[in-house]
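Accompanying notes for the structure given below.
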There are 2 protein chains.
Amino acid sequence: MRDFPPEEKILRDEVIAVLKEIFELYGFSPLETPVVERWEVLSAKYSGGEEILKETFKLKDQGGRDLGLRYDLTVPLARFVGMNPTIKRPFKRYQIGTVYRDGPIKKGRTREFYQCDADIVGSSSPLADAECVQLALEVFERLKIEIVVKINNRKVLYELARAAQIPEELAETAILSLDKLEKIGPAGVIREMTERGIPQVKAERFLGGAQDPEALKRGEGYRELEPILGYLQDARVVWTPSLARGLSYYTGTIYEVYAKESSVTGSLAAGGRYDNMIGQFLGGAEKIPAVGISFGLEPIMEVLKEQRRDLPTRKTVTQAYVIPFKNLLDEGRRVCQQLRRAGIKTDIDFLAKGISDGLKYANAYDIPFVVIVGPDEIAQGKVKLRDMRSGEEQLLTVAETVRQIAERSS
Amino acid sequence: MRDFPPEEKILRDEVIAVLKEIFELYGFSPLETPVVERWEVLSAKYSGGEEILKETFKLKDQGGRDLGLRYDLTVPLARFVGMNPTIKRPFKRYQIGTVYRDGPIKKGRTREFYQCDADIVGSSSPLADAECVQLALEVFERLKIEIVVKINNRKVLYELARAAQIPEELAETAILSLDKLEKIGPAGVIREMTERGIPQVKAERFLGGAQDPEALKRGEGYRELEPILGYLQDARVVWTPSLARGLSYYTGTIYEVYAKESSVTGSLAAGGRYDNMIGQFLGGAEKIPAVGISFGLEPIMEVLKEQRRDLPTRKTVTQAYVIPFKNLLDEGRRVCQQLRRAGIKTDIDFLAKGISDGLKYANAYDIPFVVIVGPDEIAQGKVKLRDMRSGEEQLLTVAETVRQIAERSS
């Protein structure tokens with residue numbers, strides 16, 4: 001867990017605003033579910049699974065009910081859909097909020113972090129999958145982050161396992177090993193598979209198959225992927241047959257977004273189609289197809305910091321700081337309110353301890369403009385506007401001050 | 001804990017956006033602290049106190065560390081100030097976030113709720129107090145909620161207790177009884193005080209004093225209040241000598257904001273000056289004056305729902321719904337992307353199941369415009385724009401469609 005002081009929070013808020021804007025542009029509406037969920041919901045079969053449950057914070061209320069802190073935003077979505085069966089589908093919602101994992105504390109990993117999710121519940125159209133990827137392309141264009149989207153279909157991998165005659169109960173194991181291809185190399189993948197009970201010859205056949213796209217293109221998995229690639233027609237979207245994604249609830253399309261040329265090696269966003277999870281979560285009577293994408297705020301912020309060193313890390317959102325002379329607090333306050341009424345984010349020196357102290361304060365916070373309210377200025381019905389970057393000072397009316405600040409801020 | 005479906009969340013987000021905008025206009029910058037804090041911090045002396053601690057959710061991490069869910073945003077602020085001693089003061093921060101109380105479940109009270117706080121740390125100027133109240137006046141003007149601000153100074157009440165010769169150790173008890181004057185009436189206040197060991201004659205003298213503003217005006221408490229009232233000069237701000245506020249950490253000015261003519265009887269915002277809390281919390285070596293205000297999102301939403309029945313409760317933010325004919329999905333998608341690029345929040349019928357199904361969907365979500373992409377329209381290089389409120393249909397180019405939607409949406 002950590003704090004985000006203004007110099008970080010201002011930028012985080014801007015990224016969240018971009019995500020919110022693009023989510024809404026793509027027809028997703030906001031939903032909010034609580035941070036604390038009933039344990040029953042979090043631990044239900046078909047939800048996050050054993051691995052995640054081990055890292056879920058557990059607590060009790062005064063009534064002795066078992067509760068937990070949500071570890072993602074997808075399980076709460078499934079619960080919400082179940083509790084609101086009359087919602088017209090496809091139901092497109094986005095949610096931006098904190099989730100919690102009680103994992104070991106290590107660098108770059110916090111136990112409270114933001115997920116920013118957009119999901120489409122109730123449509124099995126490949127266009128829905130394409131929309132989620134398109135959304136990601138647009139988000140990263142707006143954030144000016146160059147990316148590559150790895151895309152695959154889980155069925156490609158199951159077909160491959162079948163073709164390699166890997167026993168069904170070991171298919172998932174083989175797929176998860178293959179997912180590490182880039183990390184541990186071909187030899188590593190073979191070693192892991194054989195260690196887990198897959199005969200060497202089958203393991204090799206499996207890996208070989210994954211590296212033979214032409215053969216794979218004949219299967220059902222690729223047939224499902226093809227229209228999505230057709231809709232997107234974007235060079236940034238690359239079919240990656242070895243892509244598996246950890247979570248087992250994905251049933252079809254899967255994708256992960258990576259920053260190009262970055263030291264941030266984890267994905268910035270990821271998601272896919274999970275046609276069984278919500279329905280099974282709700283008892284299995286109905287099949288409810290769904291597809292979605294989840295953006296990680298933390299890795300996005302890391303890439304922004306790394307790739308865009310020009311980004312201003314502002315210590316405050318304040319645009320103007322009013323410094324009144326000692327006995328001119330009332331006049332200073334009036335000027336301050338006039339600036340605010342004109343939409344200028346304005347702060348005022350409460351103590352009126354003098355110009356030099358006031359300038360020091362404005363400097364400490366990097367406030368770009370200072371407005372000095374002194375007796376000479378007041379006598380002329382004006383104020384002194386100081387541009388803190390250039391040091392330039394002008395004697396202006398309040399209306400002119402507003403115009404100057406607005407112009408120079410844009 | 002509860003969910004906020006889009007029809008509520010959209011309005012909540014708008015109120016949060018107003019709060020954020022006004023906080024920033026007044027020179028406050030955003031800070032974010034985690035929901036989960038160390039138990040040590042939450043339970044420190046001089047923090048929330050026994051009453052609140054009983055209602056604090058407790059949990060442990062895998063390392064066995066005691067943690068808790070924050071019950072307010074003020075204690076985390078004190079911790080942050082302590083951990084960042086070099087921050088230039090006055091430090092003005094705002095924070096909008098959820099807090100948690102494990103209290104009995106009753107109507108209108110949820111265990112997860114939003115606080116929206118603005119605080120000024122490191123200034124003892126009465127102007128700082130006035131700024132917090134001014135901020136509240138501006139927020140409620142923007143929200144079009146008529147309010148009254150009750151204001152007082154805690155010293156007024158201590159002076160009163162001394163004048164009534166109430167023993168020092170019972171002063172707090174007397175003050176908390178008096179705070180209930182409007183709820184339980186004068187007889188109720190006297191009864192409560194005598195039950196708690198204050199002699200009848202002193203209790204009556206105390207209550208009588210609280211109802212004699214002229215006498216109270218001679219004390220130090222009022223002398224501190226006077227400049228603040230002078231700065232504000234607003235008929236909505238009413239000195240209320242019986243106002244005490246529950247929390248004991250307030251040391252000077254206190255205020256509570258109430259909606260006029262509303263069934264919502266609790267305060268919509270409240271705060272005051274707490275000059276000892278942060279310093280004592282950090283060990284007592286330094287005195288760190290502070291003043292702040294906290295807005296409750298939940299009561300504000302209740303008042304808005306009650307007083308402004310005209311407020312639209314939209315089920316979606318989507319402005320336009322593109323319905324393509326069955327074999328015109330590609331063309332529909334192109335139109336959809338053109339609308340989005342022009343800033344229109346647009347959704348598309350994935351299934352292209354036909355106009356009538358599409359119109360039903362747009363109706364279910366109250367989407368104001370439908371854009372039909374059919375063969376006749378495409379042949380003319382146009383689309384059909386349907387205004388769902390009037391039923392009016394026009395054959396337009398995409399550019400004309402954008403203009404029409406933008407115009408009619410404003």
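Ordering of the structure tokens sets the chain letters (A, B, ...); residue numbers start at 1 within each chain; ligands are numbered from 1 in the order shown.
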
What are the residues of chain A that have an atom within 8 Å of an atom of chain B, counting only C-alpha atoms, as a PyMOL selection string? chain A and resi 1-6+9-10+24-34+36+57-62+80+88+93+102-103+112+123+125+127-128+231+315-318+330+340+343-347+350-351+361+364-365

Might you pull out every residue within 7 Å of A:Ala210, with only C-alpha atoms counted and same-chain residues fewer than 4 positions away left off, and present them as number ranges by chain? A: 206, 241-242

Any chance you can output those residues with all heavy atoms as a compact mmCIF listing (two decimals), in the first residue's frame?
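Printed below is out.txt as written:
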```txt
# COMPACT_ATOMS: atom_id res chain seq x y z
N PHE A 206 4.13 -30.45 -29.48
CA PHE A 206 3.28 -29.33 -29.05
C PHE A 206 3.96 -27.99 -29.34
O PHE A 206 3.39 -27.10 -29.97
CB PHE A 206 3.00 -29.48 -27.56
CG PHE A 206 2.11 -28.41 -26.97
CD1 PHE A 206 0.78 -28.30 -27.36
CD2 PHE A 206 2.60 -27.53 -26.01
CE1 PHE A 206 -0.04 -27.32 -26.80
CE2 PHE A 206 1.78 -26.55 -25.45
CZ PHE A 206 0.46 -26.45 -25.85
N PRO A 241 0.53 -17.26 -31.40
CA PRO A 241 -0.07 -18.55 -31.06
C PRO A 241 0.32 -19.09 -29.68
O PRO A 241 -0.39 -19.91 -29.13
CB PRO A 241 0.43 -19.48 -32.17
CG PRO A 241 0.80 -18.60 -33.29
CD PRO A 241 1.27 -17.33 -32.68
N SER A 242 1.45 -18.61 -29.13
CA SER A 242 1.86 -19.14 -27.82
C SER A 242 1.19 -18.42 -26.65
O SER A 242 1.31 -18.84 -25.51
CB SER A 242 3.38 -19.04 -27.67
OG SER A 242 3.78 -17.69 -27.66
```

Just list the residues in stretch 164-325 of chain B DSSP gives alpha helix (DSSP H) on the backbone, as a PyMOL selection string. chain B and resi 168-178+181-195+200-210+213-216+220-232+277-281+297-307

Identify, with DSSP run on backbone atoms, the residues in stretch 2-55 of chain A assigned to strand (DSSP E or B), and express the list as a PyMOL selection string. chain A and resi 4+29-30+32+36-38

I'd like the interatomic distance between atom CA of B:Gln394 and atom CA of B:Asn327, to a tenth of an Å. 22.1 Å

Computed gap from atom CA of A:Gly266 to atom CA of A:Asp179 is 13.2 Å

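From atom CA of B:Glu220 back to atom CA of B:Glu256, the distance works out to 20.9 Å.
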
So which residues touch A:Ser267 within 12 Å, counting only C-alpha atoms, skipping near sequence neighbours fewer than 3 positions away, as a PyMOL selection string? chain A and resi 147-150+245+255-260+262-264+270-271+293-300+302-303
